[in-house]
Every structure is written in structure tokens, then in C-alpha cells.
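With compact mmCIF, C-alpha atoms inside, this is input.txt:
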# COMPACT_ATOMS: atom_id res chain seq x y z
CA MET A 170 180.29 157.75 251.54
CA PHE A 171 183.01 158.51 248.96
CA ASP A 172 180.66 160.49 246.67
CA ALA A 173 178.62 162.19 249.41
CA ARG A 174 179.47 165.71 248.23
CA LEU A 175 178.46 164.98 244.64
CA ARG A 176 175.23 163.29 245.74
CA THR A 177 174.35 166.38 247.78
CA LEU A 178 175.08 168.70 244.86
CA LEU A 179 173.06 166.60 242.41
CA GLY A 180 170.25 165.61 244.75
CA ALA A 181 170.61 162.02 243.50
CA ALA A 182 173.13 159.21 243.07
CA PRO A 183 175.62 159.94 240.25
CA GLY A 184 174.21 157.21 238.00
CA GLU A 185 170.60 158.22 238.60
CA ALA A 186 170.95 161.99 238.21
CA THR A 187 169.79 163.66 234.98
CA TRP A 188 171.50 165.99 232.54
CA GLY A 189 169.67 168.86 234.24
CA ASP A 190 170.99 167.79 237.65
CA TYR A 191 174.55 167.89 236.35
CA GLN A 192 174.04 171.36 234.87
CA ARG A 193 173.59 172.60 238.44
CA LEU A 194 177.29 171.97 238.96
CA LEU A 195 178.21 174.71 236.47
CA ARG A 196 179.53 177.88 238.11
CA ASN A 197 178.78 176.41 241.54
CA PRO A 198 181.71 177.09 243.93
CA ALA A 199 180.65 174.11 246.05
CA ALA A 200 181.32 171.87 243.02
CA ALA A 201 184.96 172.87 242.62
CA GLU A 202 187.39 170.13 241.67
CA SER A 203 189.05 168.58 244.72
CA ALA A 204 190.31 165.28 246.09
CA ASP A 205 186.94 163.56 245.51
CA LEU A 206 185.94 165.12 242.19
CA GLU A 207 187.74 165.64 238.87
CA TYR A 208 186.49 167.12 235.60
CA LYS A 209 187.66 166.39 232.06
CA ARG A 210 186.56 168.51 229.11
CA GLN A 211 186.52 165.55 226.74
CA GLN A 212 186.55 161.78 226.68
CA TYR A 213 189.90 160.03 227.06
CA GLU A 214 190.18 158.63 223.52
CA LYS A 215 190.77 162.13 222.19
CA LYS A 216 194.24 162.18 223.75
CA PRO A 217 197.40 160.21 222.91
CA GLU A 218 198.36 157.62 225.52
CA TRP A 219 194.78 157.79 226.78
CA GLN A 220 194.78 154.30 228.32
CA ALA A 221 197.58 155.16 230.73
CA GLU A 222 195.90 158.49 231.56
CA LEU A 223 192.57 156.80 232.34
CA ALA A 224 194.27 154.13 234.46
CA LYS A 225 196.27 156.78 236.35
CA ASP A 226 193.19 158.88 237.19
CA VAL A 227 191.13 155.88 238.34
CA ALA A 228 193.96 154.36 240.40
CA ALA A 229 194.70 157.74 242.02
CA LEU A 230 191.14 157.97 243.35
CA ALA A 231 191.06 154.31 244.45
CA ASN A 232 194.39 154.71 246.28
CA ALA A 233 193.07 157.76 248.16
CA SER A 234 189.52 158.08 249.49
CA GLY A 235 187.63 157.41 246.28
CA GLY A 236 185.81 159.91 244.12
CA THR A 237 184.26 160.65 240.74
CA LEU A 238 185.56 161.51 237.26
CA ILE A 239 183.16 163.53 235.09
CA LEU A 240 184.01 163.62 231.39
CA GLY A 241 182.30 166.41 229.48
CA LEU A 242 182.47 169.34 231.91
CA GLU A 243 185.21 171.94 231.53
CA GLU A 244 186.48 173.73 234.64
CA ASP A 245 187.97 177.18 235.03
CA ARG A 246 191.71 176.66 235.47
CA ALA A 247 192.00 179.44 238.05
CA THR A 248 189.14 178.35 240.33
CA SER A 249 188.66 174.63 239.40
CA ILE A 250 184.90 175.33 239.18
CA PRO A 251 183.10 173.72 236.20
CA VAL A 252 181.87 176.43 233.82
CA LYS A 253 180.95 174.76 230.52
CA ALA A 254 179.42 171.53 229.27
CA ASN A 255 180.99 169.69 226.34
CA PRO A 256 178.65 166.75 225.60
CA GLU A 257 180.05 163.99 223.38
CA LEU A 258 178.67 160.86 221.74
CA LEU A 259 177.83 158.05 224.18
CA THR A 260 178.24 154.54 222.77
CA ASP A 261 178.61 151.05 224.17
CA GLN A 262 182.05 150.99 222.54
CA VAL A 263 183.20 153.83 224.81
CA ARG A 264 182.28 151.85 227.91
CA LYS A 265 183.87 148.70 226.48
CA ASN A 266 187.09 150.54 225.60
CA TYR A 267 187.36 151.99 229.11
CA ARG A 268 186.77 148.66 230.83
CA GLU A 269 189.33 146.93 228.62
CA ALA A 270 191.89 149.69 229.19
CA LEU A 271 191.46 149.49 232.96
CA ALA A 272 191.75 145.69 232.91
CA TYR A 273 194.92 145.95 230.80
CA ARG A 274 196.68 148.80 232.59
CA LEU A 275 195.82 148.34 236.30
CA ASP A 276 197.14 145.86 238.83
CA PRO A 277 195.30 144.88 240.94
CA GLN A 278 192.01 145.68 239.25
CA VAL A 279 189.85 148.57 240.50
CA GLU A 280 186.12 148.02 240.98
CA CYS A 281 184.47 151.09 239.46
CA ASP A 282 181.22 151.96 237.69
CA ILE A 283 180.79 153.83 234.39
CA HIS A 284 177.57 155.83 233.96
CA PHE A 285 176.28 157.63 230.86
CA ILE A 286 174.30 160.83 231.45
CA ALA A 287 172.52 161.66 228.19
CA GLN A 288 171.13 165.06 227.23
CA ASP A 289 168.18 163.28 225.63
CA PRO A 290 167.87 159.59 226.62
CA THR A 291 165.43 159.01 223.72
CA ASP A 292 167.95 160.11 221.09
CA PRO A 293 169.16 157.06 219.07
CA ALA A 294 172.65 158.61 219.06
CA PRO A 295 172.77 160.25 222.51
CA THR A 296 175.38 162.75 223.59
CA GLY A 297 176.23 163.70 227.16
CA LEU A 298 178.60 163.00 230.06
CA VAL A 299 180.60 159.96 231.07
CA VAL A 300 180.69 159.62 234.86
CA ILE A 301 183.14 157.16 236.43
CA SER A 302 182.48 156.38 240.11
CA VAL A 303 185.59 155.07 241.90
CA PRO A 304 185.13 153.91 245.50
CA PRO A 305 188.03 153.73 247.94
CA SER A 306 189.72 150.36 247.67
CA ALA A 307 190.86 147.93 250.33
CA ARG A 308 192.78 145.96 247.71
CA GLY A 309 195.38 148.62 246.93
CA PRO A 310 197.75 150.05 246.32
CA HIS A 311 196.77 149.97 242.64
CA ALA A 312 199.52 150.40 240.07
CA VAL A 313 199.45 151.65 236.49
CA ILE A 314 201.31 149.13 234.32
CA GLY A 315 203.79 150.77 231.99
CA VAL A 316 204.90 154.35 231.50
CA LYS A 317 203.98 154.65 227.83
CA ASP A 318 203.24 151.02 227.02
CA ALA A 319 202.15 148.16 229.27
CA ARG A 320 204.84 145.99 227.70
CA ASP A 321 207.62 147.88 229.47
CA GLY A 322 206.40 146.37 232.76
CA ALA A 323 207.01 149.44 234.91
CA LEU A 324 204.67 149.93 237.86
CA ARG A 325 203.68 153.39 239.09
CA PHE A 326 201.38 153.98 242.06
CA PRO A 327 199.36 157.20 241.72
CA TYR A 328 197.27 158.85 244.42
CA ARG A 329 195.16 161.96 244.59
CA ASN A 330 196.30 164.83 246.82
CA ASP A 331 193.65 167.58 246.84
CA ASN A 332 193.03 168.22 243.12
CA ASN A 333 196.43 166.95 241.98
CA VAL A 334 197.63 163.48 241.02
CA THR A 335 201.11 162.44 242.12
CA PHE A 336 202.98 159.15 242.44
CA MET A 337 203.99 157.32 245.61
CA ASN A 338 207.65 156.99 246.52
CA LEU A 339 209.07 153.64 247.65
CA THR A 340 208.37 154.28 251.33
CA GLN A 341 204.75 155.19 250.60
CA VAL A 342 204.29 152.08 248.47
CA LYS A 343 205.65 149.84 251.25
CA ARG A 344 203.35 151.43 253.81
CA ALA A 345 200.34 151.11 251.51
CA ILE A 346 201.04 147.43 250.85
CA ALA A 347 201.46 146.70 254.57
CA ALA A 348 198.20 148.48 255.39
CA SER A 349 196.36 146.64 252.62
CA VAL A 350 197.67 143.23 253.74
CA SER A 351 196.66 143.92 257.32
CA LEU A 352 193.18 145.10 256.31
CA ALA A 353 192.65 142.13 253.98
CA ALA A 354 193.65 139.67 256.72
CA GLY A 355 191.26 141.29 259.15
CA ARG A 356 188.33 141.22 256.71
CA HIS A 357 189.12 137.61 255.79
CA ASP A 358 188.81 136.70 259.46
CA VAL A 359 185.48 138.53 259.67
CA LEU A 360 184.21 136.74 256.55
CA HIS A 361 185.27 133.35 257.89
CA ALA A 362 183.76 133.95 261.33
CA ALA A 363 180.42 135.03 259.81
CA HIS A 364 180.39 131.93 257.60
CA GLN A 365 181.10 129.62 260.53
CA ALA A 366 178.45 131.28 262.70
CA VAL A 367 175.73 130.43 260.16
CA VAL A 368 177.06 126.90 259.63
CA THR A 369 176.92 126.16 263.37
CA ASP A 370 173.71 128.11 264.03
CA GLY A 371 171.58 125.00 264.59
CA ARG A 372 168.44 126.40 262.94
CA GLY A 373 169.38 125.23 259.44
CA ARG A 374 168.48 121.89 257.95
CA PRO A 375 171.17 119.22 257.74
CA GLY A 376 172.38 118.12 254.34
CA PRO A 377 173.18 120.12 251.21
CA ASN A 378 173.30 123.88 251.75
CA LEU A 379 174.21 126.90 249.67
CA LEU A 380 175.95 129.50 251.85
CA LEU A 381 176.67 133.07 250.77
CA THR A 382 178.65 135.48 252.94
CA LEU A 383 179.55 139.12 252.27
CA THR A 384 181.64 141.62 254.20
CA PRO A 385 182.34 145.26 253.26
CA ASP A 386 186.04 145.88 252.71
CA LEU A 387 185.64 149.13 254.65
CA PRO A 388 183.08 148.32 257.36
CA GLY A 389 179.96 150.33 258.10
CA THR A 390 177.88 150.26 261.26
CA PHE A 391 174.29 150.19 262.48
CA PRO A 392 172.91 150.13 266.04
CA ILE A 393 171.81 146.95 267.77
CA ASP A 394 168.90 148.29 269.80
CA ALA A 395 165.14 147.78 270.14
CA ALA A 396 164.16 150.35 267.52
CA ALA A 397 166.60 148.96 264.94
CA PHE A 398 165.47 145.39 265.68
CA HIS A 399 161.79 146.22 265.16
CA ALA A 400 162.62 147.98 261.89
CA PHE A 401 164.73 145.00 260.78
CA ARG A 402 161.97 142.51 261.60
CA ARG A 403 159.34 144.61 259.83
CA ASP A 404 161.54 145.02 256.76
CA LEU A 405 162.21 141.31 256.32
CA ALA A 406 158.69 140.18 257.22
CA ASP A 407 157.21 142.46 254.55
CA ALA A 408 159.85 141.88 251.88
CA GLU A 409 159.10 140.05 248.64
CA LEU A 410 162.44 138.69 247.50
CA PRO A 411 163.17 137.81 243.86
CA PHE A 412 162.66 134.09 243.11
CA PHE A 413 161.83 133.39 246.79
CA GLY A 414 158.61 135.38 247.21
CA ARG A 415 157.15 136.58 250.51
CA GLU A 416 157.52 135.30 254.09
CA VAL A 417 160.98 133.89 253.50
CA PHE A 418 161.73 134.77 257.13
CA ARG A 419 159.17 134.42 259.92
CA SER A 420 161.36 134.01 263.02
CA PHE A 421 163.65 136.79 264.27
CA GLY A 422 166.22 137.07 267.03
CA VAL A 423 169.36 138.80 268.24
CA GLY A 424 172.92 137.52 268.65
CA PRO A 425 176.23 139.18 269.55
CA ARG A 426 176.32 142.39 267.47
CA ARG A 427 173.93 140.92 264.91
CA PHE A 428 170.30 140.29 264.00
CA ILE A 429 169.23 136.76 263.08
CA ALA A 430 166.39 135.69 260.78
CA SER A 431 165.14 132.23 259.86
CA THR A 432 162.14 130.56 258.26
CA GLY A 433 161.22 128.94 261.59
CA ASP A 434 162.57 128.24 265.05
CA SER A 435 164.32 125.03 263.99
CA ARG A 436 165.25 123.13 260.86
CA SER A 437 164.68 126.17 258.69
CA ARG A 438 165.14 126.31 254.95
CA HIS A 439 166.70 129.80 255.27
CA VAL A 440 168.93 131.13 258.07
CA ALA A 441 170.65 134.53 257.88
CA HIS A 442 172.86 136.61 260.20
CA PHE A 443 173.11 140.38 259.68
CA HIS A 444 176.09 141.87 261.55
CA ALA A 445 176.46 145.43 262.81
CA ASP A 446 179.44 146.21 260.52
CA GLY A 447 177.47 145.32 257.37
CA THR A 448 178.73 141.75 257.15
CA ALA A 449 175.98 139.22 256.46
CA ALA A 450 175.72 135.47 255.89
CA TRP A 451 172.80 133.46 254.49
CA ALA A 452 172.41 129.67 254.33
CA THR A 453 169.67 128.02 252.29
CA GLU A 454 168.71 124.41 251.63
CA GLY A 455 169.72 122.70 248.40
CA PRO A 456 169.02 123.25 245.56
CA GLN A 457 169.70 119.68 244.38
CA VAL A 458 168.06 117.32 241.91
CA ALA A 459 168.37 113.71 240.81
CA ALA A 460 170.11 113.91 237.44
CA PHE A 461 171.08 111.55 234.63
CA GLY A 462 174.64 111.15 233.48
CA ALA A 463 175.40 112.07 229.89
CA SER A 464 175.64 109.11 227.51
CA ASP A 465 179.43 109.32 227.24
CA THR A 466 180.15 109.38 230.98
CA ALA A 467 180.61 106.66 233.56
CA LEU A 468 178.19 108.26 236.02
CA PRO A 469 175.61 106.13 237.82
CA GLU A 470 172.13 106.09 236.34
CA HIS A 471 171.03 108.76 238.80
CA ALA A 472 173.34 111.23 240.55
CA ARG A 473 172.45 113.91 243.09
CA SER A 474 173.60 117.23 241.69
CA TRP A 475 173.36 120.96 242.27
CA HIS A 476 170.69 122.41 239.98
CA SER A 477 172.63 125.14 238.18
CA ASP A 478 169.66 127.37 237.28
CA HIS A 479 168.45 127.36 240.89
CA VAL A 480 171.97 128.02 242.19
CA VAL A 481 172.27 131.05 239.91
CA MET A 482 168.85 132.43 240.92
CA ASN A 483 169.62 131.93 244.62
CA VAL A 484 172.94 133.72 244.27
CA LEU A 485 171.33 136.68 242.47
CA ALA A 486 168.59 137.07 245.10
CA ILE A 487 170.78 136.55 248.17
CA LEU A 488 173.75 138.57 246.94
CA GLN A 489 171.51 141.55 246.22
CA TYR A 490 169.96 141.46 249.68
CA LEU A 491 173.32 141.08 251.45
CA ALA A 492 174.74 144.01 249.47
CA CYS A 493 171.64 146.03 250.36
CA HIS A 494 172.16 145.26 254.05
CA ALA A 495 175.76 146.51 253.86
CA ALA A 496 175.00 149.61 251.80
CA THR A 497 171.65 150.66 253.30
CA ARG A 498 171.38 149.33 256.82
CA ALA A 499 175.08 149.65 257.72
CA ALA A 500 175.84 152.62 255.38
CA ALA A 501 179.01 150.96 254.05
CA ALA A 502 180.33 152.16 250.68
CA GLY A 503 182.79 151.01 248.07
CA THR A 504 183.76 147.38 247.65
CA ALA A 505 182.94 144.16 249.45
CA THR A 506 184.15 140.57 249.40
CA ALA A 507 181.63 137.79 248.80
CA ARG A 508 182.08 134.06 249.35
CA LEU A 509 179.87 131.29 247.95
CA THR A 510 179.99 127.73 249.32
CA LEU A 511 178.17 124.65 248.01
CA ASP A 512 178.32 122.12 250.85
CA VAL A 513 176.67 118.68 250.74
CA GLY A 514 177.55 117.95 254.38
CA ASN A 515 177.45 114.21 255.06
CA GLN A 516 175.72 113.46 251.76
CA PRO A 517 177.50 111.79 248.80
CA ALA A 518 179.62 114.01 246.56
CA CYS A 519 177.86 115.56 243.58
CA GLY A 520 178.23 117.68 240.46
CA ILE A 521 176.45 120.47 238.58
CA ALA A 522 173.33 119.64 236.55
CA SER A 523 171.13 121.48 234.07
CA ASP A 524 167.92 120.77 232.17
CA ARG A 525 168.46 123.18 229.29
CA GLY A 526 167.13 121.88 226.01
CA SER A 527 165.04 119.14 227.60
CA SER A 528 162.88 118.24 230.58
CA ALA A 529 165.53 115.91 232.03
CA HIS A 530 168.27 116.98 234.43
CA ILE A 531 171.68 116.17 232.95
CA VAL A 532 174.94 116.24 234.91
CA PHE A 533 177.55 118.20 232.94
CA SER A 534 180.46 118.15 235.41
CA ASP A 535 182.35 115.64 237.53
CA THR A 536 180.48 114.38 240.60
CA GLU A 537 183.36 114.27 243.07
CA ARG A 538 182.71 117.40 245.12
CA GLN A 539 181.34 117.55 248.64
CA LEU A 540 182.47 121.14 249.14
CA ALA A 541 183.18 123.93 246.64
CA THR A 542 183.92 127.56 247.46
CA GLY A 543 184.24 130.68 245.32
CA GLN A 544 185.16 134.24 246.24
CA ALA A 545 184.89 137.56 244.41
CA GLY A 546 185.01 141.31 245.00
CA ILE A 547 181.90 143.34 244.26
CA LEU A 548 180.77 146.94 244.28
CA LEU A 549 178.16 147.64 246.93
CA GLN A 550 176.28 149.67 244.29
CA ALA A 551 175.22 146.23 243.02
CA ALA A 552 172.42 146.47 245.60
CA ASP A 553 170.75 149.04 243.32
CA ASP A 554 172.33 148.32 239.92
CA ALA A 555 171.23 144.91 238.64
CA SER A 556 173.80 144.89 235.83
CA LEU A 557 176.57 145.21 238.43
CA LEU A 558 174.83 142.51 240.46
CA VAL A 559 174.91 140.12 237.49
CA GLN A 560 178.61 140.89 236.91
CA ALA A 561 179.41 140.17 240.57
CA ALA A 562 177.34 136.97 240.57
CA ALA A 563 179.05 135.79 237.37
CA SER A 564 182.51 136.23 238.93
CA LEU A 565 181.47 134.56 242.17
CA LEU A 566 179.86 131.58 240.42
CA ALA A 567 182.82 131.14 238.07
CA ASP A 568 185.24 130.91 240.99
CA CYS A 569 183.00 128.29 242.61
CA TYR A 570 182.13 126.28 239.48
CA GLN A 571 185.77 125.90 238.49
CA HIS A 572 186.08 123.41 241.37
CA PHE A 573 183.75 121.21 239.28
CA GLY A 574 185.86 121.67 236.15
CA ILE A 575 183.41 124.22 234.67
CA VAL A 576 184.90 127.51 233.56
CA GLU A 577 181.84 129.66 234.44
CA ALA A 578 178.07 129.69 234.96
CA GLU A 579 176.95 130.24 231.37
CA GLN A 580 173.57 131.66 232.45
CA LEU A 581 175.23 135.02 233.18
CA THR A 582 177.82 137.05 231.30
CA HIS A 583 180.68 138.94 232.90
CA ASP A 584 179.33 142.08 231.17
CA GLY A 585 176.17 141.92 233.29
CA GLN A 586 173.72 140.22 230.90
CA ILE A 587 171.38 137.23 231.09
CA ASN A 588 172.34 134.52 228.58
CA LEU A 589 168.90 133.03 228.00
CA PRO A 590 169.89 130.01 225.82
CA ALA A 591 171.96 128.64 228.73
CA TRP A 592 168.87 128.41 230.97
CA GLY A 593 166.46 125.47 231.13
CA ARG A 594 163.33 126.27 229.12
CA ARG A 595 161.07 126.06 232.14
CA TYR A 596 162.92 129.05 233.69
CA HIS A 597 162.93 131.33 230.64
CA ASP A 598 159.82 133.26 231.68
CA THR A 599 160.98 133.64 235.30
CA ILE A 600 164.44 134.99 234.54
CA THR A 601 163.21 137.14 231.64
CA ALA A 602 160.60 138.77 233.90
CA TRP A 603 163.27 139.46 236.53
CA ALA A 604 165.58 140.97 233.94
CA LYS A 605 162.80 143.19 232.59
CA ASN A 606 161.91 144.42 236.08
CA THR A 607 165.52 145.23 236.93
CA GLY A 608 166.68 146.59 233.58
CA VAL A 609 169.16 143.82 232.76
CA GLU A 610 169.78 143.00 229.10
CA VAL A 611 168.77 139.51 227.93
CA LEU A 612 170.74 137.77 225.20
CA THR A 613 168.52 135.48 223.15
CA GLY A 614 170.92 134.38 220.39
CA PRO A 615 172.66 131.00 220.16

I need this file expressed as C-alpha cells, please.
Amino acid sequence: MFDARLRTLLGAAPGEATWGDYQRLLRNPAAAESADLEYKRQQYEKKPEWQAELAKDVAALANASGGTLILGLEEDRATSIPVKANPELLTDQVRKNYREALAYRLDPQVECDIHFIAQDPTDPAPTGLVVISVPPSARGPHAVIGVKDARDGALRFPYRNDNNVTFMNLTQVKRAIAASVSLAAGRHDVLHAAHQAVVTDGRGRPGPNLLLTLTPDLPGTFPIDAAAFHAFRRDLADAELPFFGREVFRSFGVGPRRFIASTGDSRSRHVAHFHADGTAAWATEGPQVAAFGASDTALPEHARSWHSDHVVMNVLAILQYLACHAATRAAAAGTATARLTLDVGNQPACGIASDRGSSAHIVFSDTERQLATGQAGILLQAADDASLLVQAAASLLADCYQHFGIVEAEQLTHDGQINLPAWGRRYHDTITAWAKNTGVEVLTGP
């Protein structure tokens, strides 16, 4: 795990540790700055050209083996050991500025997480540390755009060497690109094979199916043996999954380097394969409804359509469990690639429907799709961080929905929030309760 040393020092995950946990790093020789850990005395905005500096530090970690930036701890220049805390104001604007800077100055984008560690979480104007967790990336090499300004178009490829940041030469860049292309091709093949294995499993019901597949970009591993199988079966049999409830899976088996779970022995509503490298694929029936065409469309009186609210809830629940399998059972870390497919099989083509604002299901897209697929990168921390989960689901759904001519699934925001007005009224209580239990912000405005 890319932040294993820091987790050991803190006794907790970087985003879950307290101010007191971070104070244990001070004057601790084991916490010295190195390839996986960098300290900054102050937040980036205090410096000129701060956007390029932030992008350089994040890309350098992503292009190496990953690591963590801690803003608000000052290290001794001679020993690189943190010796003094310098807490600063923590605001949503800081996080927004950093995300925008990284989006503007990095190519390709780096999946990273920004945590706030407050001295006093109850303070209305909290001060503390900014902690940026950067996993190793399989999508590199990542370049900083521009030397002083992104408009100059120059690309520089930083990487971290011990506790120093340097830039790749041309030969290093070529090697990094070749390695990344090879790795991406290999993981694409794994993703496709896992998807096909569920499609041809034979336990699933014929007709419309939602299929979600995830593979870690840097694979993990878990044993396929009797003890692991019994633990797997016990875990799934006892699990209460969001929106699905209990006893989702009641039949369990083993395949080549994978565990298999389904609702029953045949014609199951849910079928899932959990592979030894952390890859997993889950197929579920529907969710479709008979919907009315809007008054200004030429749709038939009734059209079979994907129920958008149910699609979004299924994606949230399944994506979280697949990420949990990769991160917990297979001990994979960093990023993963997820693929969502809406497949009607031999049924007539359909569209996307919603019942927001009324009790009737209304089709709000074209109805010409028998198959639609979306793909997105996610952070495996999304298994534990519901805001990251919502962000990942929003990207995945947008890539899929655009096949229907819809720019995104409006129920979720790309900032990790629930957009309540975009949900059908009958689901307001369900999704609000889920958001409250997981700590996700709910937007209630128009």
C-alpha cells in the first residue's frame, strides 16, 4: 500500500487520523521526509506560481510509487524530520482551488484525495493540516502543463527520487509511456474477460441487465482456498447491502481463480464473480419500467426504459462493494478502472426514464439503444469514502448516459453530492437516509 508507512505512524488511515495522531509525527525519525512522504510548512496559495508547484508535487508522486503531501508541518532541513506544526485555515475554497489547479495543469489527470485534519472539528472556522493522498498511477506518465503558465503548452514529467523531485529526460518519458500503454492494454483485457465471464455465466436471467465490472490498475491478490472461500461465503451471506438489503446472494461457488455468488442456482437476479487479483464483475436484472413519451416526442404511448433512479442506486451499491473487494479482500491500492454496461439483450431498444416531479415514468432520452457502455477511473478509497464513491459513480454514469444523448446523471454531482431535486419524489427518503448514513452532502435547492 502506497501510504503504508504513514498509516503505521498514525495508527489510522490518513483521512481518518486526528490532529493528535499527526502530532506524533513531530520529531519522530521514522517520519522523515522520503520518497513516499513530503511536508510543506504552508498551503500552496501562499507562494507565487503555486498551481504549477502543486501539479509538479502531485505528478511526481503519481509517476513514482505514490505517497502523501502534508501541508502544515515544517521539517528540519538537515534531517527532513517534521519538527513544528503550522496550522492554517481550512475552507471548501482551498479544496476547490486545488482540484481546479490539478485539472488545469496536469495531463493526464491524477486521481488523488484531499483531506482536512482540523485541530478542533467543531470550530466554525477550523484550522489544521491539508493532507493530499496520491496513489501510484497506471495512467502515467503525468505531465505538468506549462513552465510558468499553462498557455505556453510545454510538458514536463516530474518524478520523485527519494525526497527530491526531478524531471524525466526524453528516454525516461518514452520508457514510461511504453510501460503505461502495455499495462493499460493488459488491464483492459482483464476487464473485458471478467465482463464476458459474467455475461456467459448462465446463472443470470435473460433480458435487460445492468453489468458493472472493476479491475485494479495495479492488481492485488487473495488466496483461493477453503478458508478464504468460507470467509467469503460468510461475508456475503451476512451482508446488508445499500438499496438491496440482506440475502442478495444465497448460492456460492468457485471458478478458475475466482469466487462466484448468485441469488440462486439458476436464473438469478444477481450474479457476481470475484477474481483473485481484485477484479470483480456483477450483473443484475433490469431495472426497467414502462414509461410514457413526453408530449413533444414521437415515442410510442408506452416505451420500455431504464429507470434512472434505480440505475444510479444500483451503481452506487455495486461499485462500492466491488471497490471494497479490490481494496480489502485483494489488498489492492491506488486506482481502478470501472465499466458500466446497460444491455437489453434480445429485447427492443430503449431509453432512460425518470418519474421526478410526478408519479408517472417519463422517457427523457432517445429510445434507440440496445447496448450502452461507460468507463471511468476511480480511487479504491471510494470503498470507504462515500463522497469519492459518488464522484466515481457520477463519472461512470455520465460516460454511459451520453450514449443516450444525456450529458450526465443529474442525481449525482461530480463534486460528490446528492442532487435531491433530480430524484423522483418517492426515492427522496431512501437516498437521503443513505447520504446521512454515509456522510454525503445532499443538495436540496432547485

For CA of Glu244 (chain A) and CA of Tyr208 (chain A), the interatomic separation in Å (one decimal): 6.7 Å

Write out as a PDB file with C-alpha atoms, in the coordinates of the input the residues lying within 8 Å of Thr390 (chain A), counting all atoms listed in the file and excluding same-chain residues fewer than 6 positions away.
ATOM      1  CA  ALA A 445     176.460 145.430 262.810  1.00  0.00           C
ATOM      2  CA  ASP A 446     179.440 146.210 260.520  1.00  0.00           C
ATOM      3  CA  GLY A 447     177.470 145.320 257.370  1.00  0.00           C
ATOM      4  CA  ARG A 498     171.380 149.330 256.820  1.00  0.00           C
ATOM      5  CA  ALA A 499     175.080 149.650 257.720  1.00  0.00           C
ATOM      6  CA  ALA A 500     175.840 152.620 255.380  1.00  0.00           C
ATOM      7  CA  ALA A 501     179.010 150.960 254.050  1.00  0.00           C
TER       8      ALA A 501
END

Wanna dump the region 266-385 of chain A-region 509-515 of chain A contacts at 6 Å for me, each residue with its shortest atom pair and the distance in Å to one decimal, counting all atoms listed in the file, ordered by chain and number, as CSV?
residue,atom,partner,partner_atom,distance
A:Gly376,CA,A:Gly514,CA,5.2
A:Pro377,CA,A:Val513,CA,3.8
A:Asn378,CA,A:Asp512,CA,5.4
A:Leu379,CA,A:Leu511,CA,4.8
A:Leu380,CA,A:Thr510,CA,5.1
A:Leu381,CA,A:Leu509,CA,4.6

If we count all atoms listed in the file and set the cut-off at 10 Å, which residues sit around Arg268 (chain A), ignoring sequence neighbours fewer than 6 positions away in its own chain? Please answer as a PyMOL selection string. chain A and resi 224+262+281-283+584

For the atom pair CA of Ala495 (chain A) and CA of Ala363 (chain A), what is the interatomic distance in Å to one decimal place? 13.7 Å

Need to verify the contact set: Tyr273 (chain A), 12 Å, only C-alpha atoms, exclusion of same-chain residues closer than 3 positions in sequence. Can you return it as a ChimeraX atom specification? /A:220-221,223-224,266-270,276-279,312-315,318-320,322

May I have the residues from that selection written out with C-alpha atoms, as a PDB file, in the coordinates of the input?
ATOM      1  CA  GLN A 220     194.780 154.300 228.320  1.00  0.00           C
ATOM      2  CA  ALA A 221     197.580 155.160 230.730  1.00  0.00           C
ATOM      3  CA  LEU A 223     192.570 156.800 232.340  1.00  0.00           C
ATOM      4  CA  ALA A 224     194.270 154.130 234.460  1.00  0.00           C
ATOM      5  CA  ASN A 266     187.090 150.540 225.600  1.00  0.00           C
ATOM      6  CA  TYR A 267     187.360 151.990 229.110  1.00  0.00           C
ATOM      7  CA  ARG A 268     186.770 148.660 230.830  1.00  0.00           C
ATOM      8  CA  GLU A 269     189.330 146.930 228.620  1.00  0.00           C
ATOM      9  CA  ALA A 270     191.890 149.690 229.190  1.00  0.00           C
ATOM     10  CA  ASP A 276     197.140 145.860 238.830  1.00  0.00           C
ATOM     11  CA  PRO A 277     195.300 144.880 240.940  1.00  0.00           C
ATOM     12  CA  GLN A 278     192.010 145.680 239.250  1.00  0.00           C
ATOM     13  CA  VAL A 279     189.850 148.570 240.500  1.00  0.00           C
ATOM     14  CA  ALA A 312     199.520 150.400 240.070  1.00  0.00           C
ATOM     15  CA  VAL A 313     199.450 151.650 236.490  1.00  0.00           C
ATOM     16  CA  ILE A 314     201.310 149.130 234.320  1.00  0.00           C
ATOM     17  CA  GLY A 315     203.790 150.770 231.990  1.00  0.00           C
ATOM     18  CA  ASP A 318     203.240 151.020 227.020  1.00  0.00           C
ATOM     19  CA  ALA A 319     202.150 148.160 229.270  1.00  0.00           C
ATOM     20  CA  ARG A 320     204.840 145.990 227.700  1.00  0.00           C
ATOM     21  CA  GLY A 322     206.400 146.370 232.760  1.00  0.00           C
TER      22      GLY A 322
END

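Around Thr335 (chain A), within 12 Å and counting all atoms listed in the file, the residues found are Ala204, Lys225, Asp226, Ala228, Ala229, Leu230, Asn232, Ala233, Arg325, Phe326, Pro327, Tyr328, Arg329 and Gln341 of chain A, once anything fewer than 6 positions away on its own chain is removed.
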
Need to verify the contact set: region 181-191 of chain A, 6 Å, all atoms listed in the file, exclusion of same-chain residues closer than 2 positions in sequence. Can you return it as a ChimeraX atom specification? /A:176,179,193-194,284,286,288

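For the pair CA of Arg246 (chain A) and CA of Thr296 (chain A), the interatomic distance is 24.5 Å.
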
Would you place a box with edges along x, y and z of the file around all atoms of region 431-435 of chain A listed there, add 4 Å to each of its six sides, and report the centre and edge lengths in Å to one decimal, as lines of an AutoDock Vina configuration file?
center_x = 163.2
center_y = 128.6
center_z = 261.7
size_x = 11.9
size_y = 15.2
size_z = 14.8

In file coordinates, which residues lie within 9 Å of (175.4, 129.3, 233.4) using only C-alpha atoms, given as number ranges by chain? A: 477-478, 481, 523, 563, 566-567, 577-582, 588, 591-592

Residue selection dump (C-alpha atoms) as a CSV table (one decimal), in the coordinates of the input:
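Output saved as result05.csv:
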chain,number,residue,atom,x,y,z
A,477,SER,CA,172.6,125.1,238.2
A,478,ASP,CA,169.7,127.4,237.3
A,481,VAL,CA,172.3,131.0,239.9
A,523,SER,CA,171.1,121.5,234.1
A,563,ALA,CA,179.0,135.8,237.4
A,566,LEU,CA,179.9,131.6,240.4
A,567,ALA,CA,182.8,131.1,238.1
A,577,GLU,CA,181.8,129.7,234.4
A,578,ALA,CA,178.1,129.7,235.0
A,579,GLU,CA,177.0,130.2,231.4
A,580,GLN,CA,173.6,131.7,232.4
A,581,LEU,CA,175.2,135.0,233.2
A,582,THR,CA,177.8,137.0,231.3
A,588,ASN,CA,172.3,134.5,228.6
A,591,ALA,CA,172.0,128.6,228.7
A,592,TRP,CA,168.9,128.4,231.0

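Closest approach to Ala602 (chain A) from the set A:His583, A:Pro411, A:Arg419, A:Ile531 is made by A:Pro411, with distances taken over all atoms listed in the file.
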
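Proximity ranking of A:Leu298, A:Ile587, A:Ala430, A:Leu410 relative to Leu242 (chain A) places A:Leu298 first, based on all atoms listed in the file.
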
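Comparing the minimum interatomic distances between Ala287 (chain A) and each of A:Ala323, A:Gln192, A:Ala173, A:Lys253, counting all atoms listed in the file, we find that A:Gln192 sits nearest.
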
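Compared by their closest atoms to Val417 (chain A), and using all atoms listed in the file, the residues A:Arg402, A:Lys605, A:Arg196, A:His439 rank with A:His439 nearest.
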
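Candidate residues A:His494, A:Arg374, A:Val316, A:His364 were compared for distance to Phe391 (chain A), and the nearest is A:His494, using only C-alpha atoms.
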
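Counting all atoms listed in the file, the residue from A:Val423, A:Leu275, A:Val303, A:Ala201 that sits nearest to Ile250 (chain A) is A:Ala201.
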